[in-house]
Amino acid sequence: MDSVLFFQQMVNGFSLGSMYALIAIGYTMVYGVLRLINFAHGDIMMVGAYAALFSMTSFTLPFPFALLFAVTVAAVLGVATDKIAYKPLRKAPRISLLITAIGISFLLENLFQVIFGGAPRSFNVPEYLEQVVSIGDVNLAVSAILVPIITLVLLACVLFILYKTKYGMAIRALAFDIQTVNLMGIDANMIISIVFALGSSLAAIGGVFWALNYPSVDPLMGVLIGLKAFAAAVLGGIGSVGGAVLGGFIIGFTEVVAVAFFPDLAGFKDAFAFIFLILVLLFKPTGILGYDFEKSRF
């Protein structure tokens, strides 16, 4: 592999990893607060992608406003899911929450299959995002450059919220002990709603970026992408926002670079991420940035 192709693949891996990272943050935040693996998270990403497509085709909204619309829809859906499906089960065994999350996932997938059909739909990519920028001999799409930059900016925003605002302090306190937080007069349900809104918003952005790079959406697009993002959260150390981003980048790099180095194994590209995850967990079961989860959060 020459240096030009290697650099090209590195940028592609960085861009792909950014999308996994955005979705993985939602997994890790919800798990950190509720100890819930929210299997509906990948489908909320799918809903965000559909919301962006619908707003551009039906309302002819410009792409930035379509993205904002998708974020709003996903945030409302995430909060509604918590209020309707998870909040009544706060004191139930964890397995009940897990099964409910799986049920919500299937409900969203089937609902969108009934409404929009199972066939993929083309996603309208703005012309300015399809333009190609040349850096030396390397040609990159504008979207491939913007996605990692926006991801890092959003990561900085999330970390600022978590560590520099009173809501972030409440989220971290909630992760330690919900009952004690309630006794301190903090509305735990409101803080949990903020966590769902924040995580779902990032998932929607990840879904729209995915639809830009692979210009189509379908009702099942969140299944595999969601599993890989969850793998990224586990790989980085679930409960750690920085770990989720790191895990997303590693999964993206692994998928892209492995296929570039071993093109004959391209059919196994979806398995590379999980093989790498297993290898890492064999030596560090808590993930790369994992820690004693009962002593620290985020």
# chains A, B, ... in the order shown; residues from 1 in each chain; ligands from 1
$ select_by_dssp --residues "range 186-247 of chain A" --states "helix (DSSP H, G or I)" --output "CSV table (one decimal) with all heavy atoms, in the first residue's frame"
chain,number,residue,atom,x,y,z
A,188,ALA,N,-34.4,13.6,39.7
A,188,ALA,CA,-33.6,12.6,39.0
A,188,ALA,C,-34.2,12.3,37.7
A,188,ALA,O,-33.5,12.1,36.7
A,188,ALA,CB,-33.5,11.3,39.9
A,189,ASN,N,-35.5,12.2,37.6
A,189,ASN,CA,-36.2,11.9,36.3
A,189,ASN,C,-35.9,13.0,35.2
A,189,ASN,O,-35.7,12.7,34.0
A,189,ASN,CB,-37.7,11.8,36.5
A,189,ASN,CG,-38.0,10.5,37.2
A,189,ASN,OD1,-37.4,9.4,36.9
A,189,ASN,ND2,-39.0,10.5,38.1
A,190,MET,N,-35.8,14.2,35.7
A,190,MET,CA,-35.5,15.3,34.7
A,190,MET,C,-34.0,15.1,34.2
A,190,MET,O,-33.7,15.3,33.0
A,190,MET,CB,-35.6,16.7,35.4
A,190,MET,CG,-35.4,17.8,34.4
A,190,MET,SD,-35.2,19.4,35.2
A,190,MET,CE,-33.5,19.2,36.0
A,191,ILE,N,-33.1,14.8,35.1
A,191,ILE,CA,-31.7,14.6,34.7
A,191,ILE,C,-31.6,13.4,33.8
A,191,ILE,O,-30.9,13.5,32.8
A,191,ILE,CB,-30.8,14.4,36.0
A,191,ILE,CG1,-30.9,15.6,36.9
A,191,ILE,CG2,-29.4,14.2,35.6
A,191,ILE,CD1,-30.5,16.9,36.3
A,192,ILE,N,-32.3,12.3,34.0
A,192,ILE,CA,-32.3,11.2,33.1
A,192,ILE,C,-32.9,11.6,31.8
A,192,ILE,O,-32.3,11.1,30.7
A,192,ILE,CB,-33.1,10.0,33.8
A,192,ILE,CG1,-32.4,9.5,35.0
A,192,ILE,CG2,-33.3,8.9,32.7
A,192,ILE,CD1,-33.2,8.5,35.8
A,193,SER,N,-33.9,12.4,31.8
A,193,SER,CA,-34.4,12.9,30.5
A,193,SER,C,-33.4,13.7,29.7
A,193,SER,O,-33.3,13.6,28.5
A,193,SER,CB,-35.7,13.8,30.7
A,193,SER,OG,-36.7,13.0,31.2
A,194,ILE,N,-32.6,14.5,30.4
A,194,ILE,CA,-31.5,15.2,29.7
A,194,ILE,C,-30.5,14.3,29.1
A,194,ILE,O,-30.0,14.5,28.0
A,194,ILE,CB,-30.8,16.2,30.8
A,194,ILE,CG1,-31.8,17.3,31.2
A,194,ILE,CG2,-29.5,16.8,30.2
A,194,ILE,CD1,-31.3,18.2,32.3
A,195,VAL,N,-30.2,13.2,29.9
A,195,VAL,CA,-29.2,12.2,29.3
A,195,VAL,C,-29.8,11.6,28.1
A,195,VAL,O,-29.1,11.4,27.1
A,195,VAL,CB,-29.0,11.1,30.4
A,195,VAL,CG1,-28.2,9.9,29.8
A,195,VAL,CG2,-28.2,11.7,31.6
A,196,PHE,N,-31.1,11.2,28.1
A,196,PHE,CA,-31.6,10.6,26.9
A,196,PHE,C,-31.7,11.6,25.7
A,196,PHE,O,-31.5,11.2,24.6
A,196,PHE,CB,-33.1,10.1,27.2
A,196,PHE,CG,-33.1,8.6,27.7
A,196,PHE,CD1,-33.0,8.4,29.1
A,196,PHE,CD2,-33.1,7.6,26.8
A,196,PHE,CE1,-33.0,7.1,29.6
A,196,PHE,CE2,-33.1,6.3,27.3
A,196,PHE,CZ,-33.1,6.0,28.7
A,197,ALA,N,-32.0,12.8,26.0
A,197,ALA,CA,-32.1,13.8,25.0
A,197,ALA,C,-30.7,14.1,24.4
A,197,ALA,O,-30.6,14.2,23.1
A,197,ALA,CB,-32.7,15.1,25.5
A,198,LEU,N,-29.7,14.2,25.2
A,198,LEU,CA,-28.4,14.4,24.7
A,198,LEU,C,-27.9,13.2,23.9
A,198,LEU,O,-27.4,13.4,22.8
A,198,LEU,CB,-27.5,14.7,25.9
A,198,LEU,CG,-26.0,15.1,25.6
A,198,LEU,CD1,-26.0,16.4,24.8
A,198,LEU,CD2,-25.2,15.3,26.9
A,199,GLY,N,-28.0,12.0,24.4
A,199,GLY,CA,-27.5,10.8,23.7
A,199,GLY,C,-28.3,10.6,22.4
A,199,GLY,O,-27.7,10.3,21.4
A,200,SER,N,-29.6,10.8,22.4
A,200,SER,CA,-30.4,10.6,21.2
A,200,SER,C,-30.1,11.7,20.1
A,200,SER,O,-30.0,11.4,18.9
A,200,SER,CB,-31.9,10.7,21.5
A,200,SER,OG,-32.2,9.7,22.5
A,201,SER,N,-29.8,12.9,20.6
A,201,SER,CA,-29.4,14.0,19.6
A,201,SER,C,-28.1,13.6,18.9
A,201,SER,O,-28.0,13.7,17.7
A,201,SER,CB,-29.2,15.3,20.4
A,201,SER,OG,-30.4,15.7,21.0
A,202,LEU,N,-27.1,13.1,19.7
A,202,LEU,CA,-25.8,12.7,19.1
A,202,LEU,C,-26.0,11.5,18.1
A,202,LEU,O,-25.4,11.4,17.1
A,202,LEU,CB,-24.8,12.4,20.2
A,202,LEU,CG,-24.4,13.5,21.1
A,202,LEU,CD1,-23.5,13.0,22.2
A,202,LEU,CD2,-23.7,14.6,20.2
A,203,ALA,N,-26.9,10.6,18.5
A,203,ALA,CA,-27.2,9.5,17.6
A,203,ALA,C,-27.8,9.9,16.3
A,203,ALA,O,-27.5,9.4,15.2
A,203,ALA,CB,-28.2,8.5,18.3
A,204,ALA,N,-28.7,10.9,16.4
A,204,ALA,CA,-29.3,11.4,15.2
A,204,ALA,C,-28.3,12.1,14.3
A,204,ALA,O,-28.3,11.9,13.0
A,204,ALA,CB,-30.4,12.5,15.5
A,205,ILE,N,-27.4,12.8,14.8
A,205,ILE,CA,-26.3,13.4,14.0
A,205,ILE,C,-25.5,12.3,13.4
A,205,ILE,O,-25.1,12.4,12.2
A,205,ILE,CB,-25.4,14.3,14.9
A,205,ILE,CG1,-26.3,15.5,15.4
A,205,ILE,CG2,-24.2,14.9,14.1
A,205,ILE,CD1,-25.6,16.4,16.5
A,206,GLY,N,-25.1,11.3,14.2
A,206,GLY,CA,-24.4,10.2,13.6
A,206,GLY,C,-25.2,9.5,12.5
A,206,GLY,O,-24.6,9.1,11.4
A,207,GLY,N,-26.5,9.3,12.6
A,207,GLY,CA,-27.3,8.7,11.6
A,207,GLY,C,-27.3,9.6,10.3
A,207,GLY,O,-27.3,9.0,9.2
A,208,VAL,N,-27.4,10.9,10.5
A,208,VAL,CA,-27.5,11.7,9.3
A,208,VAL,C,-26.1,11.7,8.6
A,208,VAL,O,-26.1,11.7,7.3
A,208,VAL,CB,-27.8,13.2,9.7
A,208,VAL,CG1,-27.7,14.1,8.5
A,208,VAL,CG2,-29.3,13.2,10.3
A,209,PHE,N,-25.0,11.7,9.4
A,209,PHE,CA,-23.7,11.6,8.7
A,209,PHE,C,-23.5,10.3,8.0
A,209,PHE,O,-22.9,10.2,6.9
A,209,PHE,CB,-22.6,11.7,9.8
A,209,PHE,CG,-22.4,13.2,10.3
A,209,PHE,CD1,-21.7,13.4,11.5
A,209,PHE,CD2,-23.0,14.2,9.6
A,209,PHE,CE1,-21.5,14.7,11.9
A,209,PHE,CE2,-22.8,15.5,10.1
A,209,PHE,CZ,-22.1,15.8,11.2
A,210,TRP,N,-24.1,9.2,8.6
A,210,TRP,CA,-24.0,7.9,7.9
A,210,TRP,C,-24.8,8.0,6.6
A,210,TRP,O,-24.3,7.5,5.6
A,210,TRP,CB,-24.6,6.9,8.8
A,210,TRP,CG,-24.4,5.5,8.3
A,210,TRP,CD1,-25.1,4.8,7.3
A,210,TRP,CD2,-23.3,4.6,8.7
A,210,TRP,NE1,-24.6,3.6,7.1
A,210,TRP,CE2,-23.5,3.4,7.9
A,210,TRP,CE3,-22.3,4.6,9.6
A,210,TRP,CZ2,-22.7,2.3,8.0
A,210,TRP,CZ3,-21.4,3.5,9.7
A,210,TRP,CH2,-21.6,2.4,8.9
A,211,ALA,N,-26.0,8.6,6.6
A,211,ALA,CA,-26.8,8.7,5.4
A,211,ALA,C,-26.1,9.5,4.4
A,211,ALA,O,-26.3,9.3,3.2
A,211,ALA,CB,-28.1,9.3,5.8
A,212,LEU,N,-25.3,10.5,4.8
A,212,LEU,CA,-24.5,11.3,3.8
A,212,LEU,C,-23.4,10.5,3.1
A,212,LEU,O,-23.2,10.6,1.9
A,212,LEU,CB,-23.9,12.5,4.6
A,212,LEU,CG,-24.7,13.7,5.0
A,212,LEU,CD1,-23.9,14.7,5.7
A,212,LEU,CD2,-25.3,14.4,3.7
A,213,ASN,N,-22.7,9.7,3.9
A,213,ASN,CA,-21.6,8.9,3.4
A,213,ASN,C,-22.0,7.7,2.6
A,213,ASN,O,-21.3,7.3,1.7
A,213,ASN,CB,-20.7,8.5,4.5
A,213,ASN,CG,-19.8,9.7,5.0
A,213,ASN,OD1,-18.7,10.0,4.4
A,213,ASN,ND2,-20.3,10.5,5.9
A,221,MET,N,-31.3,0.0,9.3
A,221,MET,CA,-29.9,0.5,9.2
A,221,MET,C,-29.3,0.6,10.6
A,221,MET,O,-28.1,0.6,10.8
A,221,MET,CB,-29.9,1.9,8.5
A,221,MET,CG,-30.6,3.0,9.2
A,221,MET,SD,-30.6,4.6,8.3
A,221,MET,CE,-28.9,5.1,8.6
A,222,GLY,N,-30.2,0.8,11.6
A,222,GLY,CA,-29.6,1.0,13.0
A,222,GLY,C,-29.2,-0.3,13.7
A,222,GLY,O,-28.6,-0.2,14.7
A,223,VAL,N,-29.5,-1.5,13.1
A,223,VAL,CA,-29.3,-2.7,13.8
A,223,VAL,C,-27.7,-3.0,13.9
A,223,VAL,O,-27.2,-3.0,14.9
A,223,VAL,CB,-29.9,-3.9,13.0
A,223,VAL,CG1,-29.6,-5.2,13.7
A,223,VAL,CG2,-31.5,-3.7,13.1
A,224,LEU,N,-27.1,-3.1,12.7
A,224,LEU,CA,-25.6,-3.4,12.7
A,224,LEU,C,-24.8,-2.2,13.2
A,224,LEU,O,-23.9,-2.3,13.9
A,224,LEU,CB,-25.2,-3.8,11.3
A,224,LEU,CG,-23.7,-4.2,11.2
A,224,LEU,CD1,-23.5,-5.4,12.1
A,224,LEU,CD2,-23.4,-4.6,9.7
A,225,ILE,N,-25.2,-1.0,12.7
A,225,ILE,CA,-24.5,0.2,13.1
A,225,ILE,C,-24.6,0.4,14.7
A,225,ILE,O,-23.6,0.7,15.3
A,225,ILE,CB,-25.1,1.5,12.4
A,225,ILE,CG1,-25.0,1.3,10.9
A,225,ILE,CG2,-24.3,2.7,12.9
A,225,ILE,CD1,-25.7,2.4,10.2
A,226,GLY,N,-25.8,0.1,15.2
A,226,GLY,CA,-26.0,0.2,16.6
A,226,GLY,C,-25.1,-0.8,17.4
A,226,GLY,O,-24.5,-0.5,18.4
A,227,LEU,N,-25.0,-2.0,16.9
A,227,LEU,CA,-24.2,-3.1,17.5
A,227,LEU,C,-22.7,-2.7,17.5
A,227,LEU,O,-22.0,-2.9,18.5
A,227,LEU,CB,-24.4,-4.4,16.8
A,227,LEU,CG,-25.7,-5.2,17.1
A,227,LEU,CD1,-25.8,-6.4,16.3
A,227,LEU,CD2,-25.7,-5.5,18.6
A,228,LYS,N,-22.3,-2.1,16.4
A,228,LYS,CA,-20.9,-1.7,16.3
A,228,LYS,C,-20.6,-0.5,17.2
A,228,LYS,O,-19.5,-0.5,17.9
A,228,LYS,CB,-20.5,-1.3,14.9
A,228,LYS,CG,-20.4,-2.5,13.9
A,228,LYS,CD,-20.0,-2.0,12.5
A,228,LYS,CE,-19.9,-3.2,11.6
A,228,LYS,NZ,-19.6,-2.8,10.2
A,229,ALA,N,-21.6,0.4,17.3
A,229,ALA,CA,-21.4,1.5,18.2
A,229,ALA,C,-21.4,1.0,19.7
A,229,ALA,O,-20.6,1.5,20.5
A,229,ALA,CB,-22.5,2.5,18.0
A,230,PHE,N,-22.2,0.0,20.0
A,230,PHE,CA,-22.2,-0.5,21.3
A,230,PHE,C,-20.9,-1.2,21.6
A,230,PHE,O,-20.3,-1.1,22.7
A,230,PHE,CB,-23.3,-1.5,21.5
A,230,PHE,CG,-23.3,-2.3,22.8
A,230,PHE,CD1,-23.5,-1.6,24.0
A,230,PHE,CD2,-23.1,-3.6,22.8
A,230,PHE,CE1,-23.5,-2.3,25.2
A,230,PHE,CE2,-23.1,-4.3,24.0
A,230,PHE,CZ,-23.3,-3.6,25.2
A,231,ALA,N,-20.4,-1.9,20.6
A,231,ALA,CA,-19.0,-2.6,20.7
A,231,ALA,C,-18.0,-1.5,20.9
A,231,ALA,O,-17.0,-1.7,21.7
A,231,ALA,CB,-18.7,-3.4,19.4
A,232,ALA,N,-18.1,-0.4,20.3
A,232,ALA,CA,-17.1,0.7,20.5
A,232,ALA,C,-17.2,1.2,21.9
A,232,ALA,O,-16.1,1.5,22.5
A,232,ALA,CB,-17.4,1.9,19.5
A,233,ALA,N,-18.4,1.3,22.5
A,233,ALA,CA,-18.5,1.8,23.9
A,233,ALA,C,-17.9,0.8,24.8
A,233,ALA,O,-17.2,1.2,25.8
A,233,ALA,CB,-20.0,2.0,24.2
A,234,VAL,N,-18.1,-0.5,24.6
A,234,VAL,CA,-17.5,-1.5,25.4
A,234,VAL,C,-16.0,-1.5,25.3
A,234,VAL,O,-15.3,-1.7,26.2
A,234,VAL,CB,-18.1,-2.9,25.1
A,234,VAL,CG1,-17.4,-4.0,25.9
A,234,VAL,CG2,-19.6,-2.9,25.4
A,235,LEU,N,-15.5,-1.4,24.0
A,235,LEU,CA,-14.1,-1.5,23.8
A,235,LEU,C,-13.4,-0.3,24.5
A,235,LEU,O,-12.3,-0.5,25.1
A,235,LEU,CB,-13.9,-1.4,22.2
A,235,LEU,CG,-12.4,-1.3,21.8
A,235,LEU,CD1,-11.7,-2.5,22.2
A,235,LEU,CD2,-12.3,-1.1,20.3
A,236,GLY,N,-14.0,0.9,24.4
A,236,GLY,CA,-13.4,2.0,25.0
A,236,GLY,C,-13.5,2.0,26.5
A,236,GLY,O,-12.7,2.7,27.2
A,241,VAL,N,-17.1,8.6,28.5
A,241,VAL,CA,-17.5,9.3,27.3
A,241,VAL,C,-16.2,9.3,26.4
A,241,VAL,O,-16.3,9.0,25.2
A,241,VAL,CB,-18.0,10.7,27.6
A,241,VAL,CG1,-18.1,11.5,26.3
A,241,VAL,CG2,-19.3,10.7,28.3
A,242,GLY,N,-15.1,9.6,26.9
A,242,GLY,CA,-13.8,9.6,26.2
A,242,GLY,C,-13.5,8.2,25.6
A,242,GLY,O,-13.1,8.1,24.5
A,243,GLY,N,-13.8,7.2,26.4
A,243,GLY,CA,-13.6,5.8,26.0
A,243,GLY,C,-14.5,5.5,24.8
A,243,GLY,O,-14.1,4.8,23.9
A,244,ALA,N,-15.8,6.0,24.8
A,244,ALA,CA,-16.7,5.7,23.7
A,244,ALA,C,-16.2,6.3,22.4
A,244,ALA,O,-16.2,5.6,21.4
A,244,ALA,CB,-18.1,6.3,24.1
A,245,VAL,N,-15.6,7.5,22.5
A,245,VAL,CA,-15.1,8.1,21.3
A,245,VAL,C,-13.9,7.4,20.8
A,245,VAL,O,-13.7,7.1,19.6
A,245,VAL,CB,-14.8,9.6,21.6
A,245,VAL,CG1,-14.1,10.2,20.4
A,245,VAL,CG2,-16.0,10.4,21.9
A,246,LEU,N,-13.0,7.0,21.7
A,246,LEU,CA,-11.8,6.3,21.4
A,246,LEU,C,-12.2,4.9,20.7
A,246,LEU,O,-11.6,4.5,19.7
A,246,LEU,CB,-10.9,6.1,22.6
A,246,LEU,CG,-9.7,5.2,22.4
A,246,LEU,CD1,-8.7,5.9,21.4
A,246,LEU,CD2,-8.9,5.0,23.7
A,247,GLY,N,-13.1,4.3,21.4
A,247,GLY,CA,-13.6,3.0,20.8
A,247,GLY,C,-14.2,3.1,19.4
A,247,GLY,O,-13.9,2.3,18.6
$ residues_around --residues "Ile135 in chain A" --least-positions-apart "5" --cutoff "12 Å" --atoms "only C-alpha atoms" --output "list in words"
Val4, Phe7, Gln8, Val11, Leu140, Ala141, Val142 and Ile145 of chain A
$ closest_residue --among "A:Thr28, A:Asn38, A:Thr254, A:Asn182" --to "Arg94 in chain A" --atoms "only C-alpha atoms"
A:Asn38
$ closest_residue --among "A:Val158, A:Ile186, A:Leu277, A:Ala40" --to "Ile99 in chain A" --atoms "only C-alpha atoms"
A:Ala40
$ atom_distance --atom1 "CA of Met10 in chain A" --atom2 "CA of Asp218 in chain A"
27.4 Å
$ atom_distance --atom1 "CA of Gly17 in chain A" --atom2 "CA of Gly32 in chain A"
21.6 Å
$ residues_around --residues "range 174-181 of chain A" --least-positions-apart "3" --cutoff "12 Å" --atoms "only C-alpha atoms" --output "ChimeraX atom specification"
/A:28-36,90-91,162,167-171,184-192,194-195,239-240,293-298
$ closest_residue --among "A:Leu154, A:Asp43, A:Ala74, A:Gly26" --to "Gly103 in chain A" --atoms "only C-alpha atoms"
A:Asp43
$ closest_residue --among "A:Leu146, A:Ala273, A:Ile23, A:Leu89" --to "Val132 in chain A" --atoms "only C-alpha atoms"
A:Leu146
$ residues_around --residues "Thr57 in chain A" --least-positions-apart "2" --cutoff "12 Å" --atoms "only C-alpha atoms" --output "ChimeraX atom specification"
/A:50-55,59-63,66,121-125
$ closest_residue --among "A:Leu159, A:Leu265, A:Leu107, A:Val257" --to "Thr81 in chain A" --atoms "only C-alpha atoms"
A:Leu107
$ atom_distance --atom1 "CA of Asp2 in chain A" --atom2 "CA of Asn139 in chain A"
14.4 Å
$ residues_around --residues "Pro148 in chain A" --least-positions-apart "5" --cutoff "7 Å" --atoms "only C-alpha atoms" --output "list in words"
Phe14, Ser15 and Ser18 of chain A
$ select_by_dssp --residues "range 53-286 of chain A" --states "strand (DSSP E)" --output "count of residues only"
12
$ closest_residue --among "A:Met19, A:Leu5, A:Ile37, A:Ala266" --to "Ser96 in chain A" --atoms "only C-alpha atoms"
A:Ile37
